[in-house]
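As stored in my_file_16.pdb (PDB, N, CA and C atoms):
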```pdb
ATOM      1  N   MET A 374     321.248 -54.195 -97.012
ATOM      2  CA  MET A 374     321.525 -53.271 -95.965
ATOM      3  C   MET A 374     320.251 -52.567 -95.506
ATOM      4  N   ARG A 375     319.366 -52.251 -96.454
ATOM      5  CA  ARG A 375     318.113 -51.596 -96.091
ATOM      6  C   ARG A 375     317.272 -52.500 -95.203
ATOM      7  N   LYS A 376     317.275 -53.791 -95.527
ATOM      8  CA  LYS A 376     316.502 -54.736 -94.732
ATOM      9  C   LYS A 376     317.021 -54.781 -93.296
ATOM     10  N   LEU A 377     318.321 -54.721 -93.127
ATOM     11  CA  LEU A 377     318.922 -54.742 -91.795
ATOM     12  C   LEU A 377     318.543 -53.488 -91.008
ATOM     13  N   ILE A 378     318.595 -52.346 -91.630
ATOM     14  CA  ILE A 378     318.216 -51.091 -90.963
ATOM     15  C   ILE A 378     316.716 -51.123 -90.633
ATOM     16  N   TYR A 379     315.917 -51.653 -91.546
ATOM     17  CA  TYR A 379     314.484 -51.754 -91.319
ATOM     18  C   TYR A 379     314.203 -52.665 -90.129
ATOM     19  N   ILE A 380     314.856 -53.799 -90.040
ATOM     20  CA  ILE A 380     314.660 -54.746 -88.931
ATOM     21  C   ILE A 380     315.112 -54.109 -87.607
ATOM     22  N   ILE A 381     316.224 -53.409 -87.625
ATOM     23  CA  ILE A 381     316.712 -52.756 -86.401
ATOM     24  C   ILE A 381     315.735 -51.663 -85.963
ATOM     25  N   ALA A 382     315.232 -50.881 -86.913
ATOM     26  CA  ALA A 382     314.294 -49.807 -86.582
ATOM     27  C   ALA A 382     313.001 -50.372 -86.006
ATOM     28  N   ILE A 383     312.491 -51.421 -86.595
ATOM     29  CA  ILE A 383     311.262 -52.044 -86.100
ATOM     30  C   ILE A 383     311.528 -52.676 -84.737
ATOM     31  N   GLY A 384     312.656 -53.312 -84.567
ATOM     32  CA  GLY A 384     312.997 -53.930 -83.286
ATOM     33  C   GLY A 384     313.118 -52.908 -82.173
ATOM     34  N   LEU A 385     313.804 -51.792 -82.461
ATOM     35  CA  LEU A 385     313.936 -50.733 -81.450
ATOM     36  C   LEU A 385     312.585 -50.086 -81.158
ATOM     37  N   GLY A 386     311.797 -49.899 -82.178
ATOM     38  CA  GLY A 386     310.471 -49.301 -81.981
ATOM     39  C   GLY A 386     309.571 -50.165 -81.112
ATOM     40  N   SER A 387     309.583 -51.455 -81.358
ATOM     41  CA  SER A 387     308.743 -52.338 -80.557
ATOM     42  C   SER A 387     309.280 -52.478 -79.138
ATOM     43  N   ALA A 388     310.610 -52.416 -78.987
ATOM     44  CA  ALA A 388     311.195 -52.505 -77.650
ATOM     45  C   ALA A 388     310.839 -51.276 -76.826
ATOM     46  N   VAL A 389     310.910 -50.102 -77.442
ATOM     47  CA  VAL A 389     310.572 -48.866 -76.731
ATOM     48  C   VAL A 389     309.088 -48.850 -76.400
ATOM     49  N   HIS A 390     308.271 -49.281 -77.330
ATOM     50  CA  HIS A 390     306.833 -49.294 -77.102
ATOM     51  C   HIS A 390     306.462 -50.286 -76.000
ATOM     52  N   GLY A 391     307.121 -51.415 -75.951
ATOM     53  CA  GLY A 391     306.830 -52.433 -74.932
ATOM     54  C   GLY A 391     307.154 -51.955 -73.536
ATOM     55  N   TYR A 392     308.238 -51.190 -73.383
ATOM     56  CA  TYR A 392     308.608 -50.699 -72.062
ATOM     57  C   TYR A 392     307.847 -49.429 -71.690
ATOM     58  N   GLY A 393     307.236 -48.813 -72.650
ATOM     59  CA  GLY A 393     306.558 -47.557 -72.385
ATOM     60  C   GLY A 393     305.105 -47.707 -71.974
ATOM     61  N   GLN A 394     304.603 -48.913 -71.888
ATOM     62  CA  GLN A 394     303.212 -49.089 -71.520
ATOM     63  C   GLN A 394     302.998 -48.749 -70.054
ATOM     64  N   GLU A 395     301.903 -48.110 -69.803
ATOM     65  CA  GLU A 395     301.572 -47.753 -68.432
ATOM     66  C   GLU A 395     300.731 -48.871 -67.819
ATOM     67  N   ILE A 396     301.147 -49.323 -66.682
ATOM     68  CA  ILE A 396     300.416 -50.375 -65.986
ATOM     69  C   ILE A 396     299.573 -49.714 -64.906
ATOM     70  N   ILE A 397     298.279 -49.885 -65.010
ATOM     71  CA  ILE A 397     297.364 -49.295 -64.040
ATOM     72  C   ILE A 397     296.953 -50.396 -63.066
ATOM     73  N   PRO A 398     297.323 -50.270 -61.805
ATOM     74  CA  PRO A 398     296.978 -51.320 -60.848
ATOM     75  C   PRO A 398     295.492 -51.296 -60.518
ATOM     76  N   PHE A 399     294.988 -52.427 -60.079
ATOM     77  CA  PHE A 399     293.591 -52.527 -59.663
ATOM     78  C   PHE A 399     293.415 -51.720 -58.386
ATOM     79  N   PRO A 400     292.382 -50.908 -58.277
ATOM     80  CA  PRO A 400     292.224 -50.061 -57.081
ATOM     81  C   PRO A 400     291.966 -50.899 -55.832
ATOM     82  N   ASP A 401     292.444 -50.404 -54.716
ATOM     83  CA  ASP A 401     292.260 -51.088 -53.445
ATOM     84  C   ASP A 401     290.869 -50.766 -52.915
ATOM     85  N   LEU A 402     289.984 -51.732 -52.990
ATOM     86  CA  LEU A 402     288.604 -51.519 -52.565
ATOM     87  C   LEU A 402     288.411 -51.747 -51.072
ATOM     88  N   ALA A 403     289.416 -52.261 -50.388
ATOM     89  CA  ALA A 403     289.283 -52.532 -48.957
ATOM     90  C   ALA A 403     289.072 -51.245 -48.175
ATOM     91  N   ILE A 404     289.687 -50.168 -48.592
ATOM     92  CA  ILE A 404     289.533 -48.895 -47.885
ATOM     93  C   ILE A 404     288.088 -48.427 -47.992
ATOM     94  N   GLN A 405     287.523 -48.519 -49.176
ATOM     95  CA  GLN A 405     286.136 -48.101 -49.353
ATOM     96  C   GLN A 405     285.191 -49.029 -48.607
ATOM     97  N   HIS A 406     285.490 -50.307 -48.571
ATOM     98  CA  HIS A 406     284.633 -51.248 -47.858
ATOM     99  C   HIS A 406     284.617 -50.944 -46.366
ATOM    100  N   ASP A 407     285.780 -50.657 -45.787
ATOM    101  CA  ASP A 407     285.835 -50.312 -44.375
ATOM    102  C   ASP A 407     285.031 -49.056 -44.090
ATOM    103  N   HIS A 408     285.096 -48.121 -45.009
ATOM    104  CA  HIS A 408     284.350 -46.883 -44.833
ATOM    105  C   HIS A 408     282.854 -47.179 -44.782
ATOM    106  N   TRP A 409     282.366 -48.001 -45.696
ATOM    107  CA  TRP A 409     280.944 -48.316 -45.701
ATOM    108  C   TRP A 409     280.545 -49.153 -44.505
ATOM    109  N   ALA A 410     281.420 -50.039 -44.048
ATOM    110  CA  ALA A 410     281.096 -50.849 -42.882
ATOM    111  C   ALA A 410     280.964 -49.978 -41.646
ATOM    112  N   ASP A 411     281.764 -48.944 -41.536
ATOM    113  CA  ASP A 411     281.697 -48.064 -40.375
ATOM    114  C   ASP A 411     280.529 -47.095 -40.459
ATOM    115  N   GLU A 412     280.101 -46.749 -41.644
ATOM    116  CA  GLU A 412     279.109 -45.708 -41.823
ATOM    117  C   GLU A 412     277.699 -46.226 -42.058
ATOM    118  N   THR A 413     277.472 -47.544 -41.988
ATOM    119  CA  THR A 413     276.139 -48.039 -42.294
ATOM    120  C   THR A 413     275.116 -47.515 -41.303
ATOM    121  N   ILE A 414     275.478 -47.462 -40.035
ATOM    122  CA  ILE A 414     274.552 -46.971 -39.026
ATOM    123  C   ILE A 414     275.311 -45.942 -38.192
ATOM    124  N   ASP A 415     274.869 -44.711 -38.260
ATOM    125  CA  ASP A 415     275.531 -43.711 -37.432
ATOM    126  C   ASP A 415     274.904 -43.708 -36.046
ATOM    127  N   ASP A 416     275.390 -42.858 -35.177
ATOM    128  CA  ASP A 416     274.975 -42.874 -33.776
ATOM    129  C   ASP A 416     273.522 -42.481 -33.561
ATOM    130  N   GLU A 417     272.942 -41.738 -34.439
ATOM    131  CA  GLU A 417     271.588 -41.233 -34.228
ATOM    132  C   GLU A 417     270.543 -41.866 -35.148
ATOM    133  N   ASN A 418     270.927 -42.710 -36.075
ATOM    134  CA  ASN A 418     269.994 -43.268 -37.039
ATOM    135  C   ASN A 418     269.807 -44.753 -36.762
ATOM    136  N   TYR A 419     268.632 -45.099 -36.267
ATOM    137  CA  TYR A 419     268.338 -46.493 -35.957
ATOM    138  C   TYR A 419     267.238 -47.038 -36.859
ATOM    139  N   ALA A 420     267.085 -46.480 -38.045
ATOM    140  CA  ALA A 420     265.979 -46.828 -38.933
ATOM    141  C   ALA A 420     266.033 -48.277 -39.418
ATOM    142  N   LEU A 421     267.202 -48.904 -39.368
ATOM    143  CA  LEU A 421     267.303 -50.281 -39.846
ATOM    144  C   LEU A 421     266.751 -51.297 -38.857
ATOM    145  N   TYR A 422     266.542 -50.881 -37.624
ATOM    146  CA  TYR A 422     266.104 -51.806 -36.574
ATOM    147  C   TYR A 422     264.596 -51.769 -36.408
ATOM    148  N   THR A 423     264.081 -52.750 -35.666
ATOM    149  CA  THR A 423     262.649 -52.798 -35.402
ATOM    150  C   THR A 423     262.259 -51.643 -34.493
ATOM    151  N   ALA A 424     260.969 -51.375 -34.412
ATOM    152  CA  ALA A 424     260.475 -50.219 -33.652
ATOM    153  C   ALA A 424     260.841 -50.317 -32.173
ATOM    154  N   ASP A 425     260.784 -51.513 -31.605
ATOM    155  CA  ASP A 425     261.113 -51.676 -30.179
ATOM    156  C   ASP A 425     262.565 -51.310 -29.905
ATOM    157  N   TYR A 426     263.460 -51.762 -30.757
ATOM    158  CA  TYR A 426     264.864 -51.441 -30.578
ATOM    159  C   TYR A 426     265.125 -49.957 -30.816
ATOM    160  N   GLN A 427     264.421 -49.379 -31.775
ATOM    161  CA  GLN A 427     264.588 -47.952 -32.026
ATOM    162  C   GLN A 427     264.223 -47.138 -30.785
ATOM    163  N   LYS A 428     263.082 -47.468 -30.175
ATOM    164  CA  LYS A 428     262.654 -46.741 -28.978
ATOM    165  C   LYS A 428     263.635 -46.936 -27.829
ATOM    166  N   ALA A 429     264.088 -48.170 -27.635
ATOM    167  CA  ALA A 429     265.010 -48.445 -26.528
ATOM    168  C   ALA A 429     266.345 -47.721 -26.732
ATOM    169  N   LEU A 430     266.843 -47.719 -27.950
ATOM    170  CA  LEU A 430     268.120 -47.049 -28.221
ATOM    171  C   LEU A 430     268.005 -45.534 -28.083
ATOM    172  N   ILE A 431     266.900 -44.981 -28.518
ATOM    173  CA  ILE A 431     266.695 -43.536 -28.377
ATOM    174  C   ILE A 431     266.592 -43.172 -26.895
ATOM    175  N   ARG A 432     265.896 -43.999 -26.113
ATOM    176  CA  ARG A 432     265.791 -43.767 -24.681
ATOM    177  C   ARG A 432     267.167 -43.803 -24.012
ATOM    178  N   LEU A 433     267.987 -44.779 -24.406
ATOM    179  CA  LEU A 433     269.338 -44.862 -23.850
ATOM    180  C   LEU A 433     270.178 -43.646 -24.243
ATOM    181  N   ASP A 434     270.045 -43.194 -25.479
ATOM    182  CA  ASP A 434     270.773 -41.994 -25.907
ATOM    183  C   ASP A 434     270.373 -40.778 -25.070
ATOM    184  N   GLU A 435     269.078 -40.668 -24.783
ATOM    185  CA  GLU A 435     268.611 -39.552 -23.954
ATOM    186  C   GLU A 435     269.173 -39.643 -22.537
ATOM    187  N   GLU A 436     269.202 -40.853 -21.975
ATOM    188  CA  GLU A 436     269.768 -41.032 -20.636
ATOM    189  C   GLU A 436     271.249 -40.685 -20.606
ATOM    190  N   ILE A 437     271.974 -41.100 -21.640
ATOM    191  CA  ILE A 437     273.404 -40.783 -21.711
ATOM    192  C   ILE A 437     273.602 -39.274 -21.793
ATOM    193  N   GLU A 438     272.783 -38.596 -22.576
ATOM    194  CA  GLU A 438     272.899 -37.145 -22.711
ATOM    195  C   GLU A 438     272.572 -36.447 -21.391
ATOM    196  N   LEU A 439     271.529 -36.912 -20.694
ATOM    197  CA  LEU A 439     271.191 -36.319 -19.395
ATOM    198  C   LEU A 439     272.306 -36.531 -18.387
ATOM    199  N   THR A 440     272.901 -37.705 -18.402
ATOM    200  CA  THR A 440     274.007 -37.990 -17.492
ATOM    201  C   THR A 440     275.202 -37.099 -17.811
ATOM    202  N   ARG A 441     275.462 -36.893 -19.087
ATOM    203  CA  ARG A 441     276.559 -36.012 -19.477
ATOM    204  C   ARG A 441     276.320 -34.587 -18.998
ATOM    205  N   GLN A 442     275.086 -34.123 -19.124
ATOM    206  CA  GLN A 442     274.761 -32.774 -18.656
ATOM    207  C   GLN A 442     274.899 -32.667 -17.140
ATOM    208  N   GLU A 443     274.491 -33.711 -16.427
ATOM    209  CA  GLU A 443     274.643 -33.715 -14.968
ATOM    210  C   GLU A 443     276.117 -33.708 -14.576
ATOM    211  N   MET A 444     276.945 -34.408 -15.361
ATOM    212  CA  MET A 444     278.386 -34.409 -15.075
ATOM    213  C   MET A 444     278.970 -33.010 -15.208
ATOM    214  N   GLU A 445     278.492 -32.252 -16.187
ATOM    215  CA  GLU A 445     278.983 -30.890 -16.370
ATOM    216  C   GLU A 445     278.588 -29.991 -15.207
ATOM    217  N   ARG A 446     277.399 -30.244 -14.632
ATOM    218  CA  ARG A 446     276.921 -29.424 -13.529
ATOM    219  C   ARG A 446     277.418 -29.884 -12.170
ATOM    220  N   ALA A 447     277.948 -31.103 -12.097
ATOM    221  CA  ALA A 447     278.382 -31.645 -10.804
ATOM    222  C   ALA A 447     279.518 -30.808 -10.234
ATOM    223  N   SER A 448     279.396 -30.513  -8.933
ATOM    224  CA  SER A 448     280.399 -29.656  -8.301
ATOM    225  C   SER A 448     281.469 -30.454  -7.565
ATOM    226  N   ASN A 449     281.085 -31.529  -6.883
ATOM    227  CA  ASN A 449     282.101 -32.273  -6.137
ATOM    228  C   ASN A 449     282.591 -33.489  -6.915
ATOM    229  N   GLN A 450     283.728 -33.977  -6.518
ATOM    230  CA  GLN A 450     284.427 -35.049  -7.229
ATOM    231  C   GLN A 450     283.696 -36.387  -7.114
ATOM    232  N   SER A 451     283.127 -36.687  -5.948
ATOM    233  CA  SER A 451     282.494 -38.003  -5.758
ATOM    234  C   SER A 451     281.255 -38.165  -6.634
ATOM    235  N   SER A 452     280.435 -37.118  -6.728
ATOM    236  CA  SER A 452     279.250 -37.226  -7.588
ATOM    237  C   SER A 452     279.659 -37.286  -9.060
ATOM    238  N   SER A 453     280.727 -36.605  -9.395
ATOM    239  CA  SER A 453     281.225 -36.643 -10.768
ATOM    240  C   SER A 453     281.694 -38.048 -11.137
ATOM    241  N   GLN A 454     282.390 -38.718 -10.218
ATOM    242  CA  GLN A 454     282.846 -40.095 -10.458
ATOM    243  C   GLN A 454     281.666 -41.046 -10.571
ATOM    244  N   THR A 455     280.659 -40.861  -9.725
ATOM    245  CA  THR A 455     279.466 -41.709  -9.782
ATOM    246  C   THR A 455     278.758 -41.546 -11.119
ATOM    247  N   LEU A 456     278.622 -40.307 -11.565
ATOM    248  CA  LEU A 456     277.972 -40.049 -12.849
ATOM    249  C   LEU A 456     278.793 -40.595 -14.012
ATOM    250  N   LYS A 457     280.109 -40.535 -13.885
ATOM    251  CA  LYS A 457     280.976 -41.074 -14.934
ATOM    252  C   LYS A 457     280.796 -42.587 -15.046
ATOM    253  N   LYS A 458     280.716 -43.272 -13.899
ATOM    254  CA  LYS A 458     280.487 -44.723 -13.914
ATOM    255  C   LYS A 458     279.113 -45.051 -14.483
ATOM    256  N   LYS A 459     278.119 -44.229 -14.137
ATOM    257  CA  LYS A 459     276.768 -44.440 -14.671
ATOM    258  C   LYS A 459     276.762 -44.286 -16.197
ATOM    259  N   LYS A 460     277.487 -43.265 -16.684
ATOM    260  CA  LYS A 460     277.548 -43.041 -18.126
ATOM    261  C   LYS A 460     278.246 -44.202 -18.828
ATOM    262  N   GLU A 461     279.328 -44.704 -18.259
ATOM    263  CA  GLU A 461     280.037 -45.843 -18.851
ATOM    264  C   GLU A 461     279.137 -47.078 -18.889
ATOM    265  N   ALA A 462     278.365 -47.295 -17.821
ATOM    266  CA  ALA A 462     277.441 -48.437 -17.798
ATOM    267  C   ALA A 462     276.361 -48.286 -18.864
ATOM    268  N   LEU A 463     275.862 -47.075 -19.039
ATOM    269  CA  LEU A 463     274.847 -46.840 -20.071
ATOM    270  C   LEU A 463     275.414 -47.051 -21.471
ATOM    271  N   ILE A 464     276.656 -46.646 -21.685
ATOM    272  CA  ILE A 464     277.283 -46.837 -22.995
ATOM    273  C   ILE A 464     277.483 -48.326 -23.277
ATOM    274  N   LYS A 465     277.882 -49.088 -22.253
ATOM    275  CA  LYS A 465     278.017 -50.539 -22.427
ATOM    276  C   LYS A 465     276.665 -51.180 -22.726
ATOM    277  N   LYS A 466     275.640 -50.723 -22.032
ATOM    278  CA  LYS A 466     274.289 -51.251 -22.258
ATOM    279  C   LYS A 466     273.826 -50.933 -23.682
ATOM    280  N   ARG A 467     274.142 -49.730 -24.141
ATOM    281  CA  ARG A 467     273.784 -49.337 -25.511
ATOM    282  C   ARG A 467     274.505 -50.195 -26.533
ATOM    283  N   ALA A 468     275.791 -50.463 -26.299
ATOM    284  CA  ALA A 468     276.558 -51.302 -27.225
ATOM    285  C   ALA A 468     275.990 -52.715 -27.287
ATOM    286  N   ALA A 469     275.624 -53.251 -26.122
ATOM    287  CA  ALA A 469     275.034 -54.588 -26.089
ATOM    288  C   ALA A 469     273.693 -54.607 -26.809
ATOM    289  N   LEU A 470     272.895 -53.566 -26.617
ATOM    290  CA  LEU A 470     271.597 -53.488 -27.288
ATOM    291  C   LEU A 470     271.767 -53.346 -28.800
ATOM    292  N   LEU A 471     272.784 -52.597 -29.235
ATOM    293  CA  LEU A 471     273.062 -52.480 -30.671
ATOM    294  C   LEU A 471     273.441 -53.832 -31.270
ATOM    295  N   GLU A 472     274.287 -54.584 -30.570
ATOM    296  CA  GLU A 472     274.673 -55.913 -31.061
ATOM    297  C   GLU A 472     273.450 -56.818 -31.170
ATOM    298  N   GLU A 473     272.602 -56.775 -30.146
ATOM    299  CA  GLU A 473     271.395 -57.600 -30.165
ATOM    300  C   GLU A 473     270.469 -57.196 -31.308
ATOM    301  N   ALA A 474     270.329 -55.899 -31.521
ATOM    302  CA  ALA A 474     269.474 -55.414 -32.605
ATOM    303  C   ALA A 474     270.023 -55.833 -33.967
ATOM    304  N   GLU A 475     271.338 -55.807 -34.124
ATOM    305  CA  GLU A 475     271.939 -56.237 -35.387
ATOM    306  C   GLU A 475     271.728 -57.730 -35.613
ATOM    307  N   LEU A 476     271.836 -58.527 -34.545
ATOM    308  CA  LEU A 476     271.587 -59.963 -34.678
ATOM    309  C   LEU A 476     270.142 -60.245 -35.060
ATOM    310  N   VAL A 477     269.215 -59.532 -34.442
ATOM    311  CA  VAL A 477     267.807 -59.720 -34.778
ATOM    312  C   VAL A 477     267.556 -59.312 -36.218
ATOM    313  N   GLU A 478     268.181 -58.236 -36.651
ATOM    314  CA  GLU A 478     268.022 -57.780 -38.034
ATOM    315  C   GLU A 478     268.566 -58.823 -39.011
ATOM    316  N   ASP A 479     269.722 -59.417 -38.672
ATOM    317  CA  ASP A 479     270.277 -60.461 -39.521
ATOM    318  C   ASP A 479     269.363 -61.683 -39.573
ATOM    319  N   LEU A 480     268.784 -62.049 -38.431
ATOM    320  CA  LEU A 480     267.865 -63.189 -38.418
ATOM    321  C   LEU A 480     266.621 -62.909 -39.238
ATOM    322  N   ASN A 481     266.136 -61.674 -39.193
ATOM    323  CA  ASN A 481     264.948 -61.316 -39.961
ATOM    324  C   ASN A 481     265.202 -61.382 -41.457
ATOM    325  N   LYS A 482     266.443 -61.227 -41.878
ATOM    326  CA  LYS A 482     266.754 -61.312 -43.304
ATOM    327  C   LYS A 482     266.573 -62.727 -43.822
ATOM    328  N   PHE A 483     266.779 -63.716 -42.954
ATOM    329  CA  PHE A 483     266.666 -65.106 -43.385
ATOM    330  C   PHE A 483     265.241 -65.629 -43.341
ATOM    331  N   TYR A 484     264.370 -64.963 -42.634
ATOM    332  CA  TYR A 484     262.985 -65.446 -42.529
ATOM    333  C   TYR A 484     262.012 -64.569 -43.239
TER     334      TYR A 484
END
```

What is this structure when it is put down as structure tokens?
Amino acid sequence: MRKLIYIIAIGLGSAVHGYGQEIIPFPDLAIQHDHWADETIDDENYALYTADYQKALIRLDEEIELTRQEMERASNQSSSQTLKKKKEALIKKRAALLEEAELVEDLNKFY
């Protein structure tokens, strides 16, 4: 009878212990990866690019800022619309220049 009680006690103990284990899932690293992909180059830091691209991007940023200031001072609607279109064109030009600079940087890594 003691052996039976001993076997039941050990069986219940191992069953409770088996169900009581905490399972820790592997952390989702995709969220952190997206964060780093977005934050590698901020809007004002062009240090990863060559000097020519740095100068061109800084010049474009200055033009965009001047256009924004002119938009704030514009009194009539037509000049405001013209300045808005100019700013959008400058932003597109900046985006294209950033893509080109990133491609050149990637090519420089291989050579």

Please, what distance in Å, to one decimal, runs between atom N of Leu430 (chain A) and atom N of Asp479 (chain A)?
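Taking atom N of Leu430 (chain A) and atom N of Asp479 (chain A), their separation equals 16.1 Å.
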
One-decimal distance in Å that lies between CA of Thr440 (chain A) and CA of Leu421 (chain A):
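Those two atoms sit 26.4 Å apart.
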
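Residues matched by the PyMOL selection byres (((chain A and resi 463 and name CA) around 12) and name CA) in this file: Ala429, Leu430, Arg432, Leu433, Asp434, Glu435, Glu436, Ile437, Glu438, Leu439, Thr440, Arg441, Leu456, Lys457, Lys458, Lys459, Lys460, Glu461, Ala462, Ile464, Lys465, Lys466, Arg467, Ala468, Ala469 and Leu470 of chain A.
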
Could you work out how far atom N of Tyr484 (chain A) lies from CA of Tyr419 (chain A), giving the answer in Å with one decimal?
20.0 Å

Would you list the contacts of Ala474 (chain A) as a list in words, taking every protein, DNA or RNA residue within 7 Å and counting only C-alpha atoms, but skipping same-chain residues closer than 3 positions in sequence?
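These residues fall inside the cut-off: Tyr422, Tyr426, Leu470, Leu471, Val477 and Glu478 of chain A.
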
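Considering the residues A:Glu443, A:Glu473, A:Tyr379, A:Gln454 and counting only C-alpha atoms, Asp425 (chain A) has its shortest atom-to-atom contact with A:Glu473.
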